[in-house]
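Raw work-v7.csv, CSV, C-alpha atoms:
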chain,number,residue,atom,x,y,z
Y,27,MET,CA,-1.4,-7.3,-27.7
Y,28,GLU,CA,-2.6,-10.8,-28.3
Y,29,TYR,CA,-2.7,-13.2,-25.3
Y,30,HIS,CA,-0.3,-16.2,-25.4
Y,31,PRO,CA,-0.7,-18.6,-22.5
Y,32,ASP,CA,2.9,-19.8,-22.6
Y,33,LYS,CA,4.3,-16.3,-22.8
Y,34,HIS,CA,1.9,-14.5,-20.5
Y,35,HIS,CA,1.4,-17.1,-17.8
Y,36,ARG,CA,1.7,-15.6,-14.3
Y,37,ARG,CA,1.5,-17.5,-11.1
Y,38,SER,CA,-0.8,-16.1,-8.4
Y,39,ILE,CA,0.6,-15.4,-5.0
Y,40,ARG,CA,-2.9,-15.2,-3.6
Y,41,LEU,CA,-4.5,-17.9,-1.5
Y,42,GLN,CA,-6.6,-20.1,-3.8
Y,43,GLY,CA,-10.3,-20.0,-3.1
Y,44,TYR,CA,-10.1,-17.1,-0.6
Y,45,ASP,CA,-12.7,-14.3,-1.0
Y,46,TYR,CA,-10.5,-11.2,-1.0
Y,47,SER,CA,-13.7,-9.0,-0.8
Y,48,GLN,CA,-14.3,-10.3,2.8
Y,49,PRO,CA,-14.4,-7.7,5.5
Y,50,GLY,CA,-11.1,-7.6,7.5
Y,51,ALA,CA,-7.6,-6.2,7.7
Y,52,TYR,CA,-5.2,-6.8,4.8
Y,53,PHE,CA,-1.5,-6.2,5.1
Y,54,ILE,CA,-0.2,-5.0,1.7
Y,55,THR,CA,3.3,-4.6,0.3
Y,56,VAL,CA,3.8,-3.3,-3.2
Y,57,CYS,CA,7.3,-3.0,-4.7
Y,58,THR,CA,8.7,-0.9,-7.4
Y,59,GLN,CA,10.0,-2.5,-10.6
Y,60,ASN,CA,13.5,-4.0,-10.0
Y,61,ARG,CA,13.4,-2.5,-6.5
Y,62,GLU,CA,14.3,0.9,-7.9
Y,63,CYS,CA,14.4,3.6,-5.2
Y,64,LEU,CA,11.8,5.9,-6.8
Y,65,PHE,CA,10.1,7.4,-3.8
Y,66,GLY,CA,13.0,9.0,-1.9
Y,67,GLU,CA,15.8,8.0,0.4
Y,68,ILE,CA,16.5,7.2,4.0
Y,69,LEU,CA,18.8,9.8,5.7
Y,70,ASN,CA,19.8,9.5,9.3
Y,71,GLY,CA,17.2,6.8,9.9
Y,72,GLU,CA,14.4,9.0,8.5
Y,73,MET,CA,12.5,8.4,5.3
Y,74,ARG,CA,12.6,11.5,3.1
Y,75,LEU,CA,10.0,11.4,0.3
Y,76,ASN,CA,10.9,13.0,-3.0
Y,77,GLU,CA,8.2,14.3,-5.4
Y,78,PHE,CA,7.4,10.8,-6.6
Y,79,GLY,CA,7.1,9.5,-3.0
Y,80,LYS,CA,4.8,12.4,-2.1
Y,81,MET,CA,2.6,11.6,-5.1
Y,82,ALA,CA,2.5,7.8,-4.1
Y,83,ARG,CA,1.6,8.9,-0.6
Y,84,GLN,CA,-1.2,11.1,-1.8
Y,85,CYS,CA,-2.6,8.4,-4.1
Y,86,TRP,CA,-2.6,6.0,-1.1
Y,87,LEU,CA,-4.5,8.5,1.1
Y,88,GLU,CA,-7.1,8.9,-1.7
Y,89,ILE,CA,-8.0,5.2,-1.7
Y,90,PRO,CA,-11.1,5.7,0.5
Y,91,ASN,CA,-12.4,8.4,-1.8
Y,92,HIS,CA,-12.5,5.8,-4.6
Y,93,PHE,CA,-13.4,2.8,-2.5
Y,94,PRO,CA,-15.7,3.9,0.3
Y,95,HIS,CA,-15.7,0.4,1.8
Y,96,ALA,CA,-12.0,0.7,2.4
Y,97,GLN,CA,-10.4,2.2,5.5
Y,98,LEU,CA,-6.7,3.0,5.8
Y,99,ASP,CA,-4.7,2.1,8.8
Y,100,GLU,CA,-0.9,2.5,9.3
Y,101,PHE,CA,1.2,2.7,6.1
Y,102,VAL,CA,4.7,3.7,5.2
Y,103,VAL,CA,6.2,4.8,1.9
Y,104,MET,CA,9.8,3.5,1.6
Y,105,PRO,CA,12.3,4.2,-1.2
Y,106,ASP,CA,11.4,1.1,-3.2
Y,107,HIS,CA,8.1,-0.2,-1.7
Y,108,ILE,CA,5.0,0.6,0.3
Y,109,HIS,CA,3.6,-1.2,3.3
Y,110,GLY,CA,0.1,-0.6,4.4
Y,111,ILE,CA,-2.9,-2.0,6.2
Y,112,ILE,CA,-6.3,-1.6,4.6
Y,113,PHE,CA,-9.5,-2.6,6.3
Y,114,ILE,CA,-12.4,-3.7,4.1
Y,115,ASN,CA,-15.7,-2.9,5.8
Y,116,ASP,CA,-18.8,-5.0,5.4
Y,117,ILE,CA,-20.9,-3.3,2.8
Y,118,GLN,CA,-23.9,-5.6,3.1
Y,119,LYS,CA,-27.0,-3.9,4.5
Y,120,VAL,CA,-29.6,-5.9,6.3
Y,121,GLY,CA,-33.1,-4.6,6.7
Y,122,ALA,CA,-34.3,-4.7,10.4
Y,123,LYS,CA,-37.8,-6.0,9.6
Y,124,ASN,CA,-36.9,-8.4,6.8
Y,125,PHE,CA,-37.2,-11.9,8.2
Y,126,SER,CA,-36.8,-13.7,4.9
Y,127,PRO,CA,-33.6,-15.6,4.2
Y,128,LEU,CA,-30.9,-13.3,2.9
Y,129,PRO,CA,-29.8,-13.9,-0.7
Y,130,MET,CA,-26.2,-14.9,-1.3
Y,131,PRO,CA,-24.3,-11.7,-1.5
Y,132,PHE,CA,-22.7,-10.9,-4.8
Y,133,ARG,CA,-19.2,-9.7,-4.3
Y,134,SER,CA,-18.2,-7.4,-7.1
Y,135,PRO,CA,-14.6,-7.7,-8.3
Y,136,SER,CA,-14.4,-3.9,-7.7
Y,137,LYS,CA,-14.9,-4.6,-4.0
Y,138,THR,CA,-11.8,-6.8,-3.5
Y,139,ILE,CA,-8.5,-5.8,-2.0
Y,140,GLY,CA,-7.0,-6.6,-5.5
Y,141,SER,CA,-9.1,-4.0,-7.2
Y,142,ILE,CA,-8.2,-1.4,-4.5
Y,143,ILE,CA,-4.5,-2.0,-5.0
Y,144,ARG,CA,-4.9,-2.1,-8.8
Y,145,GLY,CA,-6.6,1.3,-8.6
Y,146,PHE,CA,-3.8,2.7,-6.5
Y,147,LYS,CA,-1.1,1.4,-8.8
Y,148,ILE,CA,-3.0,2.7,-11.9
Y,149,GLY,CA,-3.1,6.2,-10.3
Y,150,VAL,CA,0.6,6.3,-9.5
Y,151,THR,CA,1.6,4.8,-12.8
Y,152,LYS,CA,-0.6,7.3,-14.7
Y,153,TRP,CA,1.1,10.2,-12.9
Y,154,PHE,CA,4.6,8.7,-13.6
Y,155,ARG,CA,3.8,8.3,-17.3
Y,156,GLN,CA,2.5,11.9,-17.5
Y,157,ASN,CA,5.3,13.5,-15.6
Y,158,THR,CA,8.4,11.4,-16.1
Y,159,ASP,CA,10.0,9.1,-18.6
Y,160,ILE,CA,9.4,6.1,-16.3
Y,161,TYR,CA,6.9,3.8,-17.9
Y,162,VAL,CA,7.0,0.7,-15.6
Y,163,VAL,CA,6.6,1.5,-11.9
Y,164,TRP,CA,5.5,-1.6,-10.1
Y,165,GLN,CA,6.9,-5.1,-9.7
Y,166,ARG,CA,4.5,-7.7,-11.0
Y,167,ASN,CA,3.2,-10.6,-9.0
Y,168,LEU,CA,6.5,-11.6,-7.5
Y,169,PRO,CA,6.9,-11.9,-3.7
Y,170,CYS,CA,8.7,-8.8,-2.6
Y,171,GLU,CA,11.8,-9.6,-0.5
Y,172,ILE,CA,12.3,-6.8,2.0
Y,173,LYS,CA,16.0,-6.4,2.9
Y,174,ASN,CA,17.0,-4.8,6.2

Would you encode the structure as structure tokens?
Amino acid sequence: MEYHPDKHHRRSIRLQGYDYSQPGAYFITVCTQNRECLFGEILNGEMRLNEFGKMARQCWLEIPNHFPHAQLDEFVVMPDHIHGIIFINDIQKVGAKNFSPLPMPFRSPSKTIGSIIRGFKIGVTKWFRQNTDIYVVWQRNLPCEIKN
């Protein structure tokens, strides 16, 4: 598919100029396309994951296997979205006897919170495409309004 700036322009919801590879805690929300309840349902106040929700949960739990600098904290899979906290750990190593100035660290795009979430989404989407007729799983770049 050829890129057309007028047609393919997407606004970023990220903070301009912020380094999303910085160590710290990141609160993440990812929503399903059109807020479809793909991952299960809430019965008697309890989230009941279906097969799809269990797969999304498994992919989330595997994040540190693919991104060793990432550490998972609390998360929840809801019928139409996922909330989670991911810590990015400082991956820069400093030699104890090296007294020379440290070079500016190069932050690879693969070390950003965006690349971590992209990898998660790819894993879930790939599973959906191989096992269901659902092709589009995730909402793109739009703020996710959570309704109570």

If we count all atoms listed in the file, what is near Gln97 of chain Y at a cut-off of 12 Å, once residues fewer than 4 positions away on the same chain are taken out, given as a count of residues only? 22

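Distance annotation: of Y:Arg61, Y:Lys137, Y:Lys80, Y:Arg74, the residue with the minimal separation from Trp164 of chain Y is Y:Arg61; atom set is only C-alpha atoms.
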
Name the closest residue to Lys147 of chain Y among the candidates Y:Ile160, Y:Leu98, Y:Val56, Y:Val103; distances are taken between atoms, counting only C-alpha atoms.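 Using only C-alpha atoms, Lys147 of chain Y sits closest to Y:Val56.
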
Nearest residue to Lys152 of chain Y out of Y:Cys63, Y:Cys57, Y:Cys85, Y:Leu69, using only C-alpha atoms?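 The closest residue to Lys152 of chain Y is Y:Cys85.
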
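The spacing separating atom CA of Gln84 of chain Y from atom CA of Gly71 of chain Y amounts to 22.2 Å.
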
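Distances here use only C-alpha atoms; by that measure, the residue among Y:Ile68, Y:Ala96, Y:Met104, Y:Met73 closest to Gly140 of chain Y is Y:Ala96.
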
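The coordinates place atom CA of Gln165 of chain Y at 4.1 Å from atom CA of Gln59 of chain Y.
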
Using all atoms listed in the file, pick whichever of Y:Ile108, Y:Glu62, Y:Trp153, Y:Glu100 has the shortest atom-to-atom distance to Arg83 of chain Y.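 Of Y:Ile108, Y:Glu62, Y:Trp153, Y:Glu100, the one nearest Arg83 of chain Y is Y:Ile108, counting all atoms listed in the file.
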